[in-house]
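Novice: The structure file model_28.cif (mmCIF, C-alpha atoms) is provided below.
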```cif
data_target
loop_
_atom_site.label_atom_id
_atom_site.label_comp_id
_atom_site.auth_asym_id
_atom_site.auth_seq_id
_atom_site.Cartn_x
_atom_site.Cartn_y
_atom_site.Cartn_z
CA MET A 4 138.21 107.13 61.76
CA GLN A 5 138.76 108.92 58.48
CA ASN A 6 140.46 105.72 57.24
CA PHE A 7 137.30 103.78 57.84
CA ILE A 8 135.12 106.32 56.05
CA ASP A 9 137.49 106.39 53.06
CA ALA A 10 137.90 102.63 53.00
CA TYR A 11 134.18 101.94 53.01
CA SER A 12 133.50 103.95 49.88
CA PHE A 13 130.71 102.75 47.64
CA ILE A 14 133.14 101.39 45.04
CA ASN A 15 135.18 99.43 47.59
CA LEU A 16 132.13 97.94 49.27
CA ARG A 17 130.68 96.96 45.91
CA PHE A 18 134.01 95.34 45.02
CA LEU A 19 134.00 93.37 48.30
CA LEU A 20 130.41 92.25 47.73
CA MET A 21 131.35 91.09 44.23
CA GLY A 22 134.07 89.00 45.89
CA LEU A 23 131.54 87.64 48.36
CA GLY A 24 129.35 86.73 45.39
CA VAL A 25 132.14 84.66 43.84
CA THR A 26 132.83 83.04 47.23
CA VAL A 27 129.19 82.04 47.54
CA LEU A 28 129.04 80.91 43.91
CA ILE A 29 132.09 78.65 44.29
CA SER A 30 130.77 77.27 47.60
CA VAL A 31 127.28 76.55 46.31
CA VAL A 32 128.41 74.92 43.06
CA SER A 33 131.03 72.82 44.88
CA VAL A 34 128.64 71.77 47.60
CA ILE A 35 126.01 70.64 45.10
CA LEU A 36 128.54 68.69 43.05
CA SER A 37 130.18 67.16 46.10
CA PHE A 38 126.82 66.29 47.61
CA ILE A 39 126.11 64.12 44.56
CA VAL A 40 129.58 62.62 44.27
CA GLY A 41 129.96 62.26 48.04
CA SER A 42 126.62 60.50 48.41
CA ILE A 43 127.53 57.97 45.72
CA LEU A 44 130.96 57.37 47.27
CA GLY A 45 129.52 57.11 50.77
CA ILE A 46 126.91 54.56 49.70
CA ILE A 47 129.54 52.54 47.83
CA ARG A 48 131.78 52.53 50.88
CA TYR A 49 128.91 51.49 53.11
CA SER A 50 127.62 48.75 50.81
CA ASN A 51 130.50 46.29 51.21
CA ILE A 52 130.96 45.60 47.52
CA ARG A 53 133.95 43.33 47.19
CA TYR A 54 137.23 45.22 46.56
CA ILE A 55 135.41 48.35 45.30
CA SER A 56 134.25 49.49 48.75
CA LYS A 57 137.73 49.00 50.20
CA ILE A 58 139.39 50.93 47.38
CA VAL A 59 136.85 53.77 47.49
CA GLY A 60 137.22 53.89 51.28
CA PHE A 61 140.98 54.17 51.05
CA ILE A 62 140.77 56.96 48.48
CA ILE A 63 138.30 58.82 50.71
CA ASP A 64 140.63 58.45 53.69
CA ILE A 65 143.58 59.78 51.70
CA LEU A 66 141.68 62.82 50.41
CA ARG A 67 140.29 63.60 53.85
CA ASN A 68 143.75 63.60 55.34
CA LEU A 69 145.38 65.90 52.80
CA PRO A 70 145.37 69.69 53.19
CA LEU A 71 142.85 71.32 50.86
CA LEU A 72 145.53 73.83 49.91
CA LEU A 73 147.63 70.99 48.48
CA ILE A 74 144.69 69.78 46.40
CA ILE A 75 144.14 73.31 45.09
CA PHE A 76 147.80 73.61 44.10
CA PHE A 77 147.71 70.21 42.48
CA THR A 78 144.62 71.06 40.46
CA TYR A 79 145.87 74.40 39.26
CA PHE A 80 149.60 73.78 38.80
CA GLY A 81 149.74 70.00 38.45
CA LEU A 82 146.92 69.15 36.07
CA PRO A 83 148.23 71.34 33.20
CA ASN A 84 151.05 68.78 32.92
CA PHE A 85 148.42 66.27 31.85
CA GLY A 86 147.21 68.69 29.19
CA PHE A 87 144.19 69.88 31.19
CA LYS A 88 144.39 73.56 32.05
CA PRO A 89 141.36 74.80 33.98
CA ASP A 90 140.67 78.49 34.55
CA THR A 91 140.96 79.77 38.13
CA ILE A 92 137.29 79.52 39.16
CA PRO A 93 136.71 76.07 37.61
CA ALA A 94 140.01 74.91 39.15
CA ALA A 95 138.86 76.09 42.57
CA ILE A 96 135.48 74.39 42.13
CA LEU A 97 137.17 71.18 40.98
CA ALA A 98 139.58 71.14 43.94
CA MET A 99 136.83 71.93 46.45
CA THR A 100 134.57 69.26 44.96
CA VAL A 101 137.26 66.58 45.14
CA PHE A 102 138.02 67.40 48.78
CA GLU A 103 134.43 67.97 49.92
CA SER A 104 133.16 64.80 48.21
CA ALA A 105 135.45 62.79 50.46
CA MET A 106 134.25 64.71 53.52
CA ILE A 107 130.58 64.34 52.59
CA ALA A 108 131.03 60.65 51.76
CA GLU A 109 132.03 60.05 55.38
CA ILE A 110 129.04 62.06 56.65
CA VAL A 111 126.71 60.04 54.41
CA ARG A 112 128.23 56.77 55.52
CA SER A 113 127.90 57.54 59.20
CA GLY A 114 124.38 58.85 58.60
CA ILE A 115 123.40 55.55 56.98
CA MET A 116 125.04 53.61 59.81
CA ALA A 117 122.93 55.57 62.29
CA VAL A 118 119.74 54.16 60.76
CA PRO A 119 118.75 50.99 62.67
CA LYS A 120 119.60 47.75 60.83
CA GLY A 121 116.03 46.50 61.15
CA GLN A 122 114.93 49.13 58.64
CA MET A 123 116.99 47.56 55.86
CA GLU A 124 116.02 44.04 56.86
CA GLY A 125 112.35 44.99 57.02
CA ALA A 126 112.47 46.69 53.63
CA ARG A 127 114.27 43.73 52.06
CA SER A 128 111.76 41.28 53.54
CA THR A 129 108.89 43.12 51.83
CA GLY A 130 110.55 42.25 48.53
CA MET A 131 112.45 45.46 47.76
CA THR A 132 115.86 45.14 46.16
CA TYR A 133 118.91 46.50 47.99
CA LEU A 134 118.92 49.71 45.94
CA GLN A 135 115.17 50.21 46.31
CA ALA A 136 115.42 49.79 50.07
CA MET A 137 118.37 52.19 50.14
CA TRP A 138 116.57 54.82 48.06
CA HIS A 139 113.07 54.66 49.58
CA ILE A 140 113.70 53.61 53.18
CA ILE A 141 117.26 54.18 54.37
CA LEU A 142 118.43 57.37 52.64
CA PRO A 143 115.42 59.56 53.57
CA GLN A 144 115.98 58.73 57.23
CA ALA A 145 119.75 59.01 56.97
CA TYR A 146 119.72 62.43 55.27
CA LYS A 147 117.49 63.83 58.01
CA LYS A 148 120.07 62.83 60.60
CA MET A 149 122.88 64.30 58.53
CA ILE A 150 121.57 67.87 58.24
CA PRO A 151 123.66 69.39 61.07
CA ALA A 152 126.87 67.69 59.92
CA MET A 153 126.20 68.68 56.30
CA VAL A 154 125.63 72.33 57.20
CA SER A 155 128.76 72.54 59.32
CA GLN A 156 130.67 70.99 56.43
CA PHE A 157 129.17 73.62 54.13
CA ILE A 158 130.25 76.35 56.55
CA SER A 159 133.80 75.08 56.58
CA LEU A 160 133.66 74.92 52.78
CA ILE A 161 132.71 78.60 52.64
CA LYS A 162 135.61 79.47 54.91
CA ASP A 163 137.95 77.26 52.90
CA THR A 164 137.19 79.07 49.65
CA SER A 165 139.44 81.81 51.02
CA LEU A 166 142.37 79.48 50.30
CA ALA A 167 141.61 79.81 46.59
CA THR A 168 142.99 83.31 46.78
CA ILE A 169 146.40 81.72 46.21
CA ILE A 170 145.48 80.86 42.63
CA VAL A 171 144.05 84.39 42.20
CA VAL A 172 140.39 83.45 42.22
CA PRO A 173 138.49 86.76 42.47
CA GLU A 174 136.73 85.86 45.73
CA LEU A 175 136.24 87.89 48.90
CA MET A 176 139.72 87.47 50.38
CA GLN A 177 141.35 88.28 47.05
CA HIS A 178 139.26 91.41 46.56
CA ALA A 179 140.01 92.60 50.09
CA GLN A 180 143.73 92.09 49.42
CA ILE A 181 143.48 94.10 46.22
CA ILE A 182 141.86 96.99 48.10
CA TYR A 183 144.30 97.13 51.00
CA GLY A 184 147.15 96.58 48.58
CA GLN A 185 146.45 100.02 47.16
CA ASN A 186 146.44 101.84 50.47
CA ALA A 187 147.99 100.61 53.70
CA ASN A 188 145.50 102.66 55.72
CA TYR A 189 142.74 100.35 54.50
CA ILE A 190 144.26 97.21 56.04
CA ILE A 191 142.32 97.24 59.31
CA PRO A 192 139.00 98.35 57.74
CA MET A 193 139.27 95.64 55.08
CA PHE A 194 140.05 92.87 57.55
CA LEU A 195 137.12 94.02 59.63
CA ALA A 196 134.78 94.18 56.64
CA MET A 197 135.65 90.76 55.27
CA SER A 198 135.56 89.15 58.72
CA VAL A 199 132.07 90.54 59.21
CA MET A 200 130.96 89.26 55.80
CA TYR A 201 132.31 85.74 56.37
CA PHE A 202 130.86 85.76 59.87
CA VAL A 203 127.40 86.84 58.78
CA VAL A 204 127.20 84.17 56.09
CA CYS A 205 128.62 81.34 58.20
CA PHE A 206 126.94 82.18 61.48
CA GLY A 207 123.63 82.80 59.72
CA LEU A 208 123.85 79.36 58.16
CA SER A 209 124.54 77.73 61.51
CA LEU A 210 121.49 79.45 63.02
CA VAL A 211 119.32 78.17 60.16
CA SER A 212 120.72 74.69 60.64
CA ASN A 213 119.95 74.73 64.38
CA ARG A 214 116.41 75.74 63.63
CA ILE A 215 115.88 73.00 61.03
CA ASP A 216 117.43 70.46 63.36
CA LYS A 217 115.11 71.43 66.21
CA ARG A 218 112.06 71.25 63.98
CA ILE A 219 113.00 67.79 62.75
CA ARG A 220 113.63 66.49 66.24
CA ALA A 221 110.44 67.97 67.62
CA MET B 18 159.14 61.14 42.69
CA ILE B 19 162.29 59.40 43.89
CA ASN B 20 164.22 62.11 42.09
CA ILE B 21 162.52 64.86 44.07
CA ILE B 22 163.09 63.05 47.35
CA THR B 23 166.79 62.36 46.75
CA SER B 24 167.66 65.82 45.50
CA HIS B 25 165.50 67.86 47.90
CA TRP B 26 165.36 65.75 51.04
CA SER B 27 166.85 68.45 53.22
CA GLU B 28 164.18 71.06 52.33
CA LEU B 29 161.46 68.46 52.70
CA LEU B 30 162.72 67.42 56.12
CA THR B 31 162.95 71.05 57.24
CA GLY B 32 159.41 71.66 56.08
CA PHE B 33 158.21 68.48 57.78
CA GLY B 34 159.86 69.61 61.01
CA TRP B 35 158.36 73.11 60.90
CA THR B 36 154.92 71.72 60.11
CA ILE B 37 155.04 69.41 63.13
CA PHE B 38 156.57 72.09 65.34
CA SER B 39 153.92 74.65 64.46
CA SER B 40 151.08 72.12 64.81
CA VAL B 41 152.26 70.90 68.21
CA LEU B 42 152.81 74.45 69.50
CA ALA B 43 149.38 75.51 68.26
CA LEU B 44 147.81 72.39 69.77
CA LEU B 45 149.31 73.03 73.21
CA PHE B 46 148.31 76.69 73.26
CA SER B 47 144.86 76.07 71.87
CA LEU B 48 144.23 73.28 74.38
CA VAL B 49 144.86 75.76 77.18
CA ILE B 50 142.91 78.63 75.60
CA GLY B 51 140.14 76.36 74.36
CA SER B 52 139.68 74.76 77.79
CA ILE B 53 139.51 78.17 79.45
CA PHE B 54 136.75 79.32 77.10
CA ALA B 55 134.97 75.97 77.40
CA ILE B 56 134.86 76.37 81.19
CA LEU B 57 133.69 79.97 80.78
CA GLU B 58 130.84 78.66 78.66
CA VAL B 59 129.56 76.31 81.36
CA LEU B 60 129.98 78.64 84.35
CA PRO B 61 126.81 79.70 86.20
CA ASN B 62 127.81 83.36 85.61
CA LYS B 63 125.95 84.83 82.64
CA ILE B 64 128.64 87.33 81.64
CA ALA B 65 131.30 84.60 81.58
CA ARG B 66 129.05 82.41 79.44
CA THR B 67 128.46 85.24 76.98
CA ILE B 68 132.17 85.97 76.67
CA GLY B 69 132.92 82.31 76.04
CA LYS B 70 130.15 82.03 73.47
CA ILE B 71 131.20 85.16 71.58
CA TYR B 72 134.83 84.02 71.35
CA VAL B 73 133.85 80.60 70.07
CA GLU B 74 131.28 81.79 67.56
CA VAL B 75 133.43 84.61 66.19
CA PHE B 76 136.55 82.55 65.55
CA ARG B 77 134.70 79.48 64.33
CA ASN B 78 132.98 81.51 61.64
CA ILE B 79 135.93 83.46 60.24
CA PRO B 80 138.34 81.71 57.86
CA LEU B 81 141.69 80.65 59.28
CA LEU B 82 143.41 82.46 56.42
CA VAL B 83 141.81 85.77 57.37
CA ILE B 84 142.96 85.42 60.99
CA THR B 85 146.46 84.40 59.92
CA MET B 86 146.83 87.20 57.37
CA PHE B 87 145.65 89.68 59.97
CA PHE B 88 148.53 88.67 62.22
CA TYR B 89 150.95 88.65 59.29
CA ILE B 90 149.99 92.00 57.78
CA ALA B 91 148.15 94.19 60.26
CA ILE B 92 149.91 93.39 63.55
CA PRO B 93 153.48 94.01 62.33
CA MET B 94 152.34 97.31 60.87
CA TYR B 95 150.84 98.75 64.03
CA ILE B 96 152.06 96.79 67.04
CA VAL B 97 155.03 94.44 66.84
CA LYS B 98 157.10 92.86 64.09
CA ILE B 99 156.50 89.12 63.91
CA ASN B 100 157.62 86.70 61.23
CA GLY B 101 155.45 84.38 59.15
CA PHE B 102 155.96 81.35 61.34
CA VAL B 103 154.86 83.17 64.49
CA ALA B 104 151.92 84.85 62.73
CA GLY B 105 150.83 81.51 61.27
CA THR B 106 151.08 79.70 64.58
CA ILE B 107 149.12 82.42 66.37
CA GLY B 108 146.43 82.24 63.68
CA LEU B 109 146.28 78.46 63.96
CA THR B 110 146.08 78.69 67.76
CA ILE B 111 143.19 81.14 67.79
CA TYR B 112 141.23 79.31 65.11
CA THR B 113 141.76 75.86 66.64
CA SER B 114 141.09 77.02 70.19
CA ALA B 115 137.53 77.96 69.20
CA PHE B 116 136.93 74.43 67.92
CA ILE B 117 138.61 72.87 70.94
CA ALA B 118 136.48 75.02 73.26
CA GLU B 119 133.39 73.68 71.52
CA THR B 120 134.63 70.09 71.84
CA VAL B 121 135.60 70.41 75.50
CA ARG B 122 132.34 72.18 76.34
CA SER B 123 130.28 69.34 74.89
CA GLY B 124 132.49 66.93 76.85
CA ILE B 125 131.83 68.76 80.11
CA GLN B 126 128.11 68.97 79.41
CA SER B 127 127.93 65.26 78.64
CA ILE B 128 129.02 64.46 82.20
CA ASP B 129 126.03 63.56 84.33
CA LYS B 130 124.80 66.44 86.51
CA GLY B 131 124.82 64.17 89.53
CA GLN B 132 128.62 64.14 89.42
CA MET B 133 128.81 67.85 90.15
CA GLU B 134 126.04 67.70 92.73
CA GLY B 135 127.66 64.72 94.43
CA ALA B 136 131.05 66.42 94.51
CA ARG B 137 129.55 69.61 95.90
CA SER B 138 127.64 67.71 98.57
CA THR B 139 130.87 66.15 99.86
CA GLY B 140 132.02 69.69 100.65
CA MET B 141 134.15 70.47 97.57
CA THR B 142 133.98 73.97 96.17
CA TYR B 143 132.77 74.54 92.60
CA TRP B 144 136.36 74.80 91.34
CA GLN B 145 137.53 71.74 93.24
CA SER B 146 134.73 69.62 91.82
CA MET B 147 135.45 70.99 88.34
CA ARG B 148 139.15 70.27 88.64
CA TYR B 149 139.03 66.85 90.32
CA ILE B 150 135.71 65.35 89.25
CA ILE B 151 134.29 66.89 86.07
CA LEU B 152 137.31 67.79 83.92
CA PRO B 153 139.14 64.43 84.23
CA GLN B 154 136.01 62.61 83.03
CA ALA B 155 135.28 65.18 80.33
CA PHE B 156 138.78 65.02 78.86
CA LYS B 157 138.60 61.26 78.65
CA ILE B 158 135.50 61.51 76.49
CA VAL B 159 136.86 64.19 74.22
CA ILE B 160 140.17 62.50 73.40
CA PRO B 161 139.02 61.13 70.01
CA PRO B 162 137.49 64.45 68.83
CA LEU B 163 140.56 66.28 70.09
CA GLY B 164 142.71 63.91 68.05
CA ASN B 165 140.62 64.73 65.01
CA GLN B 166 141.15 68.41 65.77
CA PHE B 167 144.89 67.74 65.74
CA VAL B 168 144.60 66.07 62.33
CA ASN B 169 142.74 69.16 61.10
CA LEU B 170 145.39 71.33 62.69
CA VAL B 171 148.18 69.58 60.80
CA LYS B 172 146.26 69.99 57.55
CA ASN B 173 145.43 73.60 58.35
CA SER B 174 149.05 74.36 59.14
CA SER B 175 149.50 74.49 55.37
CA VAL B 176 148.30 78.12 55.55
CA LEU B 177 151.81 78.85 56.78
CA ALA B 178 152.69 78.64 53.09
CA PHE B 179 150.82 81.93 52.61
CA VAL B 180 152.99 83.74 55.14
CA ALA B 181 156.39 82.18 54.32
CA GLY B 182 156.31 79.95 57.39
CA PHE B 183 158.89 77.43 56.02
CA ASP B 184 156.40 74.59 56.46
CA LEU B 185 155.95 71.55 54.25
CA MET B 186 153.55 73.24 51.83
CA TYR B 187 155.89 76.23 51.48
CA GLN B 188 158.89 74.00 50.75
CA GLY B 189 156.79 71.95 48.35
CA ASN B 190 155.91 75.09 46.41
CA ALA B 191 159.54 76.15 46.35
CA ILE B 192 160.60 72.75 45.02
CA ALA B 193 157.77 72.75 42.47
CA SER B 194 158.77 76.14 41.15
CA THR B 195 162.49 75.35 40.89
CA THR B 196 162.17 71.88 39.32
CA PHE B 197 159.01 72.60 37.28
CA ASP B 198 158.03 69.05 38.23
CA THR B 199 154.83 70.18 39.93
CA ILE B 200 153.04 66.84 39.98
CA ASN B 201 155.80 64.88 41.66
CA SER B 202 156.65 67.68 44.09
CA TYR B 203 153.06 67.89 45.30
CA LEU B 204 152.77 64.10 45.43
CA VAL B 205 155.82 63.92 47.70
CA VAL B 206 154.45 66.69 49.91
CA GLY B 207 151.09 64.92 50.03
CA LEU B 208 152.77 61.69 51.10
CA LEU B 209 154.60 63.50 53.88
CA TYR B 210 151.33 65.00 55.16
CA LEU B 211 149.69 61.57 55.02
CA ILE B 212 152.52 60.10 57.12
CA ILE B 213 151.37 62.35 59.96
CA THR B 214 147.61 62.50 59.44
CA LEU B 215 146.57 59.07 58.20
CA PRO B 216 147.85 56.94 61.13
CA LEU B 217 146.52 59.53 63.58
CA SER B 218 143.04 59.57 62.13
CA TYR B 219 142.90 55.75 61.93
CA TYR B 220 143.98 55.57 65.57
CA MET B 221 141.26 58.06 66.56
CA GLN B 222 138.66 56.00 64.69
CA TYR B 223 139.84 52.96 66.66
CA LEU B 224 139.63 54.86 69.97
CA GLU B 225 136.14 56.11 69.09
CA LYS B 226 134.96 52.58 68.39
CA ARG B 227 136.45 51.30 71.63
CA LEU B 228 134.79 54.05 73.66
CA VAL B 229 131.39 53.17 72.21
#
```
Render the structure in this file as structure tokens.
Specialist:
Amino acid sequence: MQNFIDAYSFINLRFLLMGLGVTVLISVVSVILSFIVGSILGIIRYSNIRYISKIVGFIIDILRNLPLLLIIFFTYFGLPNFGFKPDTIPAAILAMTVFESAMIAEIVRSGIMAVPKGQMEGARSTGMTYLQAMWHIILPQAYKKMIPAMVSQFISLIKDTSLATIIVVPELMQHAQIIYGQNANYIIPMFLAMSVMYFVVCFGLSLVSNRIDKRIRA
Amino acid sequence: MINIITSHWSELLTGFGWTIFSSVLALLFSLVIGSIFAILEVLPNKIARTIGKIYVEVFRNIPLLVITMFFYIAIPMYIVKINGFVAGTIGLTIYTSAFIAETVRSGIQSIDKGQMEGARSTGMTYWQSMRYIILPQAFKIVIPPLGNQFVNLVKNSSVLAFVAGFDLMYQGNAIASTTFDTINSYLVVGLLYLIITLPLSYYMQYLEKRLV
């Protein structure tokens, strides 16, 4: 019991929360970037542009089927060979964005496919161009359907940021390791504390997502 | 790239083997554990449902790395000494079983209620109808999502690299740090992962389309 009281000192808890802040920062920045990139890639893959859609689709499939950890290693240890040496946090954001863009592209594509074909045909027949119809008619409907999948992807992104501890990004997992590295008695309290923090963030998000989803369906 | 393959093929093959071994082991265990919790979640008993729900929600919302490191660092300290491979596989099993439970549960719930009622009315007990009528149909539906879980599992097995689990990622790192040829080492490792995951996920896409 004394271990727990010592471990949860003000300084340690503040240190953990700072780590959680970096975790959230990396997740939010990566999810915004990969939402943009992923949407563009998903629409390109859906649109059946000659050659381009096939190539983009193949790249998406490759990225989706690689471990994120490998992409993180490649970004941090591989890219410097090309003369580009990102710092740890930008490297983590870059790796996450590359991986998540591919994941989100697939969500976007299947969201668009879930919109009935008649919507596109109807929009085109009123004289809209393909892009206009996509932007004003298809995407608003598609994004509504995608919300649950997007949120669960965001949750797995938050959990995946823990992998960035391997390139010494100062996120939650890393900070917890630093604390229990100083005192072996803090191991259990630290694992408990960081599990609770990840759980609260991720589970809270999934509750919010359920609520939004219900409201949209109602 | 050819250079890396010819001079390090034995490490790469070992890593490939351990990755597959750990993924298959974790899949088998998490199928069993996941199905048990899925059934708990659909039982009429409220306590059983709560237990199932807590297990699933807790382990779905904690990073795999945290679970794995717990088994690698905390368990050997207080309970029993286990090596990185075992700790990693246990972590993978627990994490994946929560997702499999969720998948199987939605499979069971997608079976028409009349099936259970019909089975019960022919005189089967609850367990008999579950075992002979509901589960066989449910598992048929969830094969494609389970396959996707396996693809995720193979990718996730790269956390074994954190705990010296001898897997592909671990060997790739070792090769990268001895040859200094990071790009080609990681490209080779990536190719080896794709050999497992890409055909599998294309096959699951095909199955999904055929089911619909």
Novice: Please report, as a tab-separated table, each residue of chain A lying at most 8 Å from chain B, together with the nearest pair of atoms and the separation in Å rounded to one decimal; use only C-alpha atoms, and order rows by chain and ascending residue number.
Specialist:
```
residue	atom	partner	partner_atom	distance
A:Asp64	CA	B:Leu215	CA	7.5
A:Ile65	CA	B:Leu211	CA	7.2
A:Asn68	CA	B:Thr214	CA	5.7
A:Leu69	CA	B:Lys172	CA	6.3
A:Pro70	CA	B:Lys172	CA	4.5
A:Leu71	CA	B:Lys172	CA	7.6
A:Leu72	CA	B:Ser175	CA	6.8
A:Leu73	CA	B:Tyr203	CA	7.0
A:Phe76	CA	B:Tyr203	CA	7.9
A:Phe77	CA	B:Tyr203	CA	6.5
A:Phe80	CA	B:Thr199	CA	6.4
A:Gly81	CA	B:Ile200	CA	4.8
A:Leu82	CA	B:Ile200	CA	7.6
A:Asn84	CA	B:Ile200	CA	7.6
A:Ile158	CA	B:Asn78	CA	7.7
A:Lys162	CA	B:Pro80	CA	4.6
A:Asp163	CA	B:Pro80	CA	6.7
A:Ser165	CA	B:Leu82	CA	6.7
A:Leu166	CA	B:Leu82	CA	6.9
A:Ile169	CA	B:Phe179	CA	7.8
A:Met176	CA	B:Val83	CA	7.5
A:Ile190	CA	B:Ala91	CA	6.5
A:Ile191	CA	B:Ala91	CA	6.6
A:Phe194	CA	B:Phe87	CA	6.9
A:Ser198	CA	B:Ile79	CA	5.9
A:Tyr201	CA	B:Ile79	CA	5.8
A:Phe202	CA	B:Asn78	CA	5.1
A:Cys205	CA	B:Asn78	CA	5.6
A:Phe206	CA	B:Asn78	CA	6.1
```
Novice: If I take atom CA of B:Pro61 and atom CA of B:Thr110, how far is one from the other in Å, to one decimal?
Specialist: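 One can read the atom CA of B:Pro61 to atom CA of B:Thr110 distance as 26.7 Å.
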Novice: Expand the PyMOL selection byres ((chain A and resi 107-112) around 7) into the individual residues it matches in the shown file, reporting them as a list in words.
Specialist: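 Given this file, the PyMOL selection byres ((chain A and resi 107-112) around 7) evaluates to Phe38, Gly41, Ser42, Leu44, Gly45, Ile46, Tyr49, Glu103, Ser104, Ala105, Met106, Ser113, Gly114, Ile115, Met116, Met149 and Ala152 of chain A.
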Novice: Name the residues captured by the PyMOL selection byres ((chain A and resi 10-27) around 8) when it is applied to the shown file; answer as a PyMOL selection string.
Specialist: chain A and resi 6-9+28-31+161+164-165+173-179+182+189+192-193+197+200
Novice: What does the distance from atom CA of B:Met221 to atom CA of B:Gly164 come to in Å, to one decimal?
Specialist: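 According to the coordinates, atom CA of B:Met221 and atom CA of B:Gly164 are separated by 6.2 Å.
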Novice: Using the chain letters and numbering of this document, enumerate as a count of residues only the residues selected by the PyMOL selection byres ((chain B and resi 103) around 10).
Specialist: 18
Novice: Could you work out how far atom CA of A:Val211 lies from atom CA of B:Tyr72, giving the answer in Å with one decimal?
Specialist: 20.0 Å
Novice: Would you kindly return, as a list of chain:residue names, each protein, DNA or RNA residue with an atom no farther than 8 Å from any atom of stretch 135-144 of chain A, considering only C-alpha atoms and excluding same-chain residues fewer than 5 positions away?
Specialist: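 Non-adjacent residues within range: A:Ile115, A:Val118, A:Gln122, A:Met123, A:Ala126, A:Arg127.
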Novice: With all atoms listed in the file as the atoms that count, which of A:Gln185, A:Ser37, A:Ser212, A:Thr129 lies nearest to A:Thr100?
Specialist: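 Among the listed residues, the smallest separation from A:Thr100 belongs to A:Ser37.
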Novice: Around all of stretch 52-70 of chain B's listed atoms, make the axis-aligned box with 6 Å on each side and tell me centre and edge lengths in Å to one decimal, as AutoDock Vina command-line options.
Specialist:
```
--center_x 132.8 --center_y 81.0 --center_z 79.8 --size_x 25.7 --size_y 24.6 --size_z 24.7
```
Novice: Fewer than 6 positions away in the same chain doesn't count, so skip those; otherwise give me all residues within 10 Å of B:Ile53, counting all atoms listed in the file, as a compact mmCIF listing (two decimals) with C-alpha atoms, in the frame of the given file.
Specialist:
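Resulting contents of result_37.txt:
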```txt
# COMPACT_ATOMS: atom_id res chain seq x y z
CA SER B 47 144.86 76.07 71.87
CA GLY B 69 132.92 82.31 76.04
CA SER B 114 141.09 77.02 70.19
CA ALA B 118 136.48 75.02 73.26
CA VAL B 121 135.60 70.41 75.50
CA ARG B 122 132.34 72.18 76.34
```
Novice: Excluding same-chain residues fewer than 3 positions from B:Glu28, what lies within 10 Å of it counting only C-alpha atoms, as a PyMOL selection string?
Specialist: chain B and resi 22+24-25+31-34+183-185+187-189+191-192
Novice: Restricting the calculation to all atoms listed in the file: of B:Ile71, B:Ala136, B:Ile111, B:Val59, which residue gets closest to B:Ser123?
Specialist: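 So, comparing all the options, the nearest one is B:Val59.
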Novice: Can you work out which one of A:Met4, A:Val32, A:Met131, A:Ile181 has the shortest atom-to-atom distance to A:Phe157, counting all atoms listed in the file?
Specialist: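 The closest residue to A:Phe157 is A:Val32.
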